[in-house]
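Remarks on the structure that follows.
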Amino acid sequence: MADDPFENMLAQMDRAEEYADVDHGVFERLKHPERTLKVTLPVELESGEVEVFEGYRCQFDSARGPFKGGVRFHPTVTQREVEALAGWMTWKTALVDLPYGGAKGGVICEPKDLTERDLERLTRRYTEGIRRMIGPEIDVPAPDMNTNPQTMAWMMDTYSMYEGYSVPQVVTGKPLEIGGTPGRVEATGRGVSLVTERLFEYLDRDLSDTTIAIQGFGNVGSNAARLLDEGGANVVATSDVSGAAYDPNGLDVAALGAHVDAGGLVEEYVAGEIRGGASTADSRWDDPDQITNAELLTLDVDVLIPAAVEGVITADNVDDLRASAVVEAANGPTTVAADKALTERDIQVVPDILANAGGVIVSYLEWVQNAQEFSWPLETVNAELERRIGSAFDKTVEQYDTKELPDLRTAAYTLALERTAKAHEYRGLFP
Ligand code: GLU
């Protein structure tokens with residue numbers, strides 16, 4: 001099934017194989033995760049009821065270093081999805097040249113229906129469930145969809161209680177007070193904004209004349225929107241589960257950000273029920289229109305940034321897309337059938353493993369600081385993020401141009417697969 005995320009990841013690998021300098025035997029090996037643990041998580045909720053949740057941790061490949069990847073809490077989590085996401089982490093860490101392999105975790109739950117205490121208990125129970133397979137040198141979780149610095153603090157505490165001493169390095173994306181790094185929360189959004197700027201430099205186009213639609217206004221989408229807006233681009237549409245806001249003249253990103261930070265929905269913002277101290281009266285812009293998430297994807301804009309879930313650009317809507325470039329802030333937003341259509345239509349796609357790598361790059365910087373027991377200022381973190389994601393972008397376009405590859409995703413995959421395969425070849429097969 002083309003919309004299965006794992007099949008999608010395998011098909012992306014297959015598309016790149018013909019151009020990658022990788023032994024076929026090693027390539028076949030790279031299609032299988034090393035292991036996946038499934039855990040049953042009974043939790044006594046604040047209501048007094050016991051609910052049994054299910055969670056996973058997939059460790060996809062460790063040839064290049066310890067496993068690395070986030071943990072998501074979402075009702076649609078499946079084992080296959082977690083395995084696909086762990087594969088994407090493997091190609092992402094290889095592409096941006098971090099000394100890591102790839103992993104991912106997930107718990108099937110609807111966080112909106114859980115209290116803070118329920119979430120804490122669920123997180124602690126999940127951490128206990130996977131604690132034998134994680135560790136600072138083994139596998140280092142981080143935030144993903146619906147998880148955040150508080151979730152990481154609970155994971156770090158649970159792991160540390162069993163060890164008998166504090167182990168900040170077991171997770172990244174922690175609050176600053178317990179070993180987090182400045183710049184981690186906005187890192188993925190900052191990376192998205194940096195690669196969008198690079199893409200425009202590469203295309204010889206000016207970002208200040210550009211209209212951008214961003215699907216999703218969570219941690220990644222909102223930070224990307226804010227930074228692109230500050231960089232002079234014109235963010236004309238964004239969305240959340242309640243729907244999308246669209247103003248062809250540009251949205252007041254700061255006011256919308258304050259509203260969402262205060263717990264508001266995009267739909268309420270459009271209706272003028274604005275939280276967070278901003279009001280339509282003092283907003284610089286006109287009232288936006290309410291459109292659907294599906295309509296946002298086909299707006300006539302320069303750049304489309306899917307920053308929500310997988311599989312949103314599909315064979316069904318790809319012909320209606322009007323953007324001239326797509327920057328994949330979400331993991332796996334484009335199905336393989338849609339990807340081929342975008343390549344044929346010459347729509348440049350900055351692939352997820354490059355576009356959203358800012359998060360794991362700054363996770364690595366956090367992990368390094370924890371190992372050094374030394375903390376860096378924000379400027380150092382941001383400069384290092386820019387250097388690393390910029391260099392990965394440059395290497396990807398160089399590969400694309402010199403090898404005349406069909407698209408940037410194929411270029412990114414050939415680099416990632418070759419690097420991971422080389423590590424396998426040097427290490428050899430055990431025993
Ligand atoms: N969840 C993020 C991603 O998909 C970050 C992972 C990490 O920092 O380890 O890249």
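Scheme for the structure tokens: letters A, B, ... for chains in order shown; per-chain residue numbers from 1; ligand numbers from 1 in order shown.
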
> Just asking: which residues within range 211-278 of chain A are strand (DSSP E) according to DSSP, as a list in words?
Replying inline: Thr211, Ile212, Ala213, Ile214, Gln215, Asn234, Val235, Val236, Ala237, Thr238, Ser239, Asp240, Gly243, Ala244, Ala245 and Tyr246 of chain A

> Quick one: residues within 9 Å of ligand 1, with only C-alpha atoms and all ligand atoms, as a ChimeraX atom specification?
Replying inline: /A:67-72,85-86,88-89,92-93,102-104,140-145,171-173,184,188,330-331,352-353,356-364

> Do you have the CA of Tyr56 in chain A-CA of Val241 in chain A distance handy?
Replying inline: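 Computing it gives 24.9 Å between the two atoms.
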
> Can you list, as a PyMOL selection string, every protein, DNA or RNA residue that comes within 8 Å of range 226-233 of chain A when you count only C-alpha atoms, leaving out same-chain residues fewer than 2 positions away?
Replying inline: chain A and resi 189-190+193+207-212+222-224+235+253-254+257

With N, CA, C and O atoms kept, could you save the residues just selected as a PDB file, in the first residue's frame?
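As a result, out_15.pdb now contains:
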ATOM      1  N   GLY A 189      12.406  24.333  13.532  1.00  0.00           N
ATOM      2  CA  GLY A 189      11.857  25.461  12.774  1.00  0.00           C
ATOM      3  C   GLY A 189      12.963  26.336  12.206  1.00  0.00           C
ATOM      4  O   GLY A 189      12.882  26.803  11.071  1.00  0.00           O
ATOM      5  N   ARG A 190      14.029  26.549  12.988  1.00  0.00           N
ATOM      6  CA  ARG A 190      15.154  27.361  12.507  1.00  0.00           C
ATOM      7  C   ARG A 190      15.825  26.669  11.320  1.00  0.00           C
ATOM      8  O   ARG A 190      16.169  27.301  10.324  1.00  0.00           O
ATOM      9  N   SER A 193      13.731  27.137   8.239  1.00  0.00           N
ATOM     10  CA  SER A 193      13.890  28.487   7.715  1.00  0.00           C
ATOM     11  C   SER A 193      15.243  28.629   7.006  1.00  0.00           C
ATOM     12  O   SER A 193      15.328  29.196   5.904  1.00  0.00           O
ATOM     13  N   LEU A 207      14.015  35.767  -1.341  1.00  0.00           N
ATOM     14  CA  LEU A 207      13.031  35.277  -0.376  1.00  0.00           C
ATOM     15  C   LEU A 207      12.049  36.377   0.063  1.00  0.00           C
ATOM     16  O   LEU A 207      10.917  36.096   0.460  1.00  0.00           O
ATOM     17  N   SER A 208      12.472  37.634  -0.068  1.00  0.00           N
ATOM     18  CA  SER A 208      11.596  38.706   0.426  1.00  0.00           C
ATOM     19  C   SER A 208      10.341  38.890  -0.439  1.00  0.00           C
ATOM     20  O   SER A 208       9.364  39.466  -0.001  1.00  0.00           O
ATOM     21  N   ASP A 209      10.376  38.377  -1.674  1.00  0.00           N
ATOM     22  CA  ASP A 209       9.166  38.500  -2.510  1.00  0.00           C
ATOM     23  C   ASP A 209       8.283  37.264  -2.414  1.00  0.00           C
ATOM     24  O   ASP A 209       7.348  37.103  -3.193  1.00  0.00           O
ATOM     25  N   THR A 210       8.607  36.389  -1.473  1.00  0.00           N
ATOM     26  CA  THR A 210       8.037  35.047  -1.526  1.00  0.00           C
ATOM     27  C   THR A 210       6.802  34.857  -0.662  1.00  0.00           C
ATOM     28  O   THR A 210       6.777  35.301   0.485  1.00  0.00           O
ATOM     29  N   THR A 211       5.802  34.154  -1.196  1.00  0.00           N
ATOM     30  CA  THR A 211       4.650  33.795  -0.369  1.00  0.00           C
ATOM     31  C   THR A 211       4.787  32.343   0.090  1.00  0.00           C
ATOM     32  O   THR A 211       5.201  31.478  -0.679  1.00  0.00           O
ATOM     33  N   ILE A 212       4.428  32.116   1.364  1.00  0.00           N
ATOM     34  CA  ILE A 212       4.638  30.799   1.958  1.00  0.00           C
ATOM     35  C   ILE A 212       3.367  30.318   2.657  1.00  0.00           C
ATOM     36  O   ILE A 212       2.723  31.096   3.379  1.00  0.00           O
ATOM     37  N   SER A 222       5.289  26.737  13.751  1.00  0.00           N
ATOM     38  CA  SER A 222       5.223  28.099  14.299  1.00  0.00           C
ATOM     39  C   SER A 222       6.603  28.753  14.331  1.00  0.00           C
ATOM     40  O   SER A 222       6.749  29.925  14.002  1.00  0.00           O
ATOM     41  N   ASN A 223       7.629  27.983  14.689  1.00  0.00           N
ATOM     42  CA  ASN A 223       8.977  28.578  14.705  1.00  0.00           C
ATOM     43  C   ASN A 223       9.483  28.865  13.296  1.00  0.00           C
ATOM     44  O   ASN A 223      10.134  29.880  13.061  1.00  0.00           O
ATOM     45  N   ALA A 224       9.173  27.968  12.351  1.00  0.00           N
ATOM     46  CA  ALA A 224       9.563  28.222  10.961  1.00  0.00           C
ATOM     47  C   ALA A 224       8.852  29.489  10.466  1.00  0.00           C
ATOM     48  O   ALA A 224       9.474  30.359   9.837  1.00  0.00           O
ATOM     49  N   VAL A 235       4.365  34.996   5.044  1.00  0.00           N
ATOM     50  CA  VAL A 235       3.618  33.787   5.403  1.00  0.00           C
ATOM     51  C   VAL A 235       2.128  34.103   5.239  1.00  0.00           C
ATOM     52  O   VAL A 235       1.567  34.893   6.000  1.00  0.00           O
ATOM     53  N   VAL A 253       2.014  36.872  11.943  1.00  0.00           N
ATOM     54  CA  VAL A 253       2.554  35.646  12.532  1.00  0.00           C
ATOM     55  C   VAL A 253       2.778  35.799  14.041  1.00  0.00           C
ATOM     56  O   VAL A 253       2.521  34.872  14.818  1.00  0.00           O
ATOM     57  N   ALA A 254       3.231  36.974  14.457  1.00  0.00           N
ATOM     58  CA  ALA A 254       3.513  37.188  15.888  1.00  0.00           C
ATOM     59  C   ALA A 254       2.226  37.095  16.702  1.00  0.00           C
ATOM     60  O   ALA A 254       2.174  36.444  17.754  1.00  0.00           O
ATOM     61  N   GLY A 257       1.002  33.542  16.739  1.00  0.00           N
ATOM     62  CA  GLY A 257       1.884  32.756  17.613  1.00  0.00           C
ATOM     63  C   GLY A 257       1.521  32.957  19.079  1.00  0.00           C
ATOM     64  O   GLY A 257       1.437  31.986  19.848  1.00  0.00           O
TER      65      GLY A 257
END

> Which is closest to Val368 in chain A among A:Ala355, A:Ala187, A:Leu408, A:Leu98, if we use only C-alpha atoms?
Replying inline: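 Smallest distance to Val368 in chain A is found for A:Leu98.
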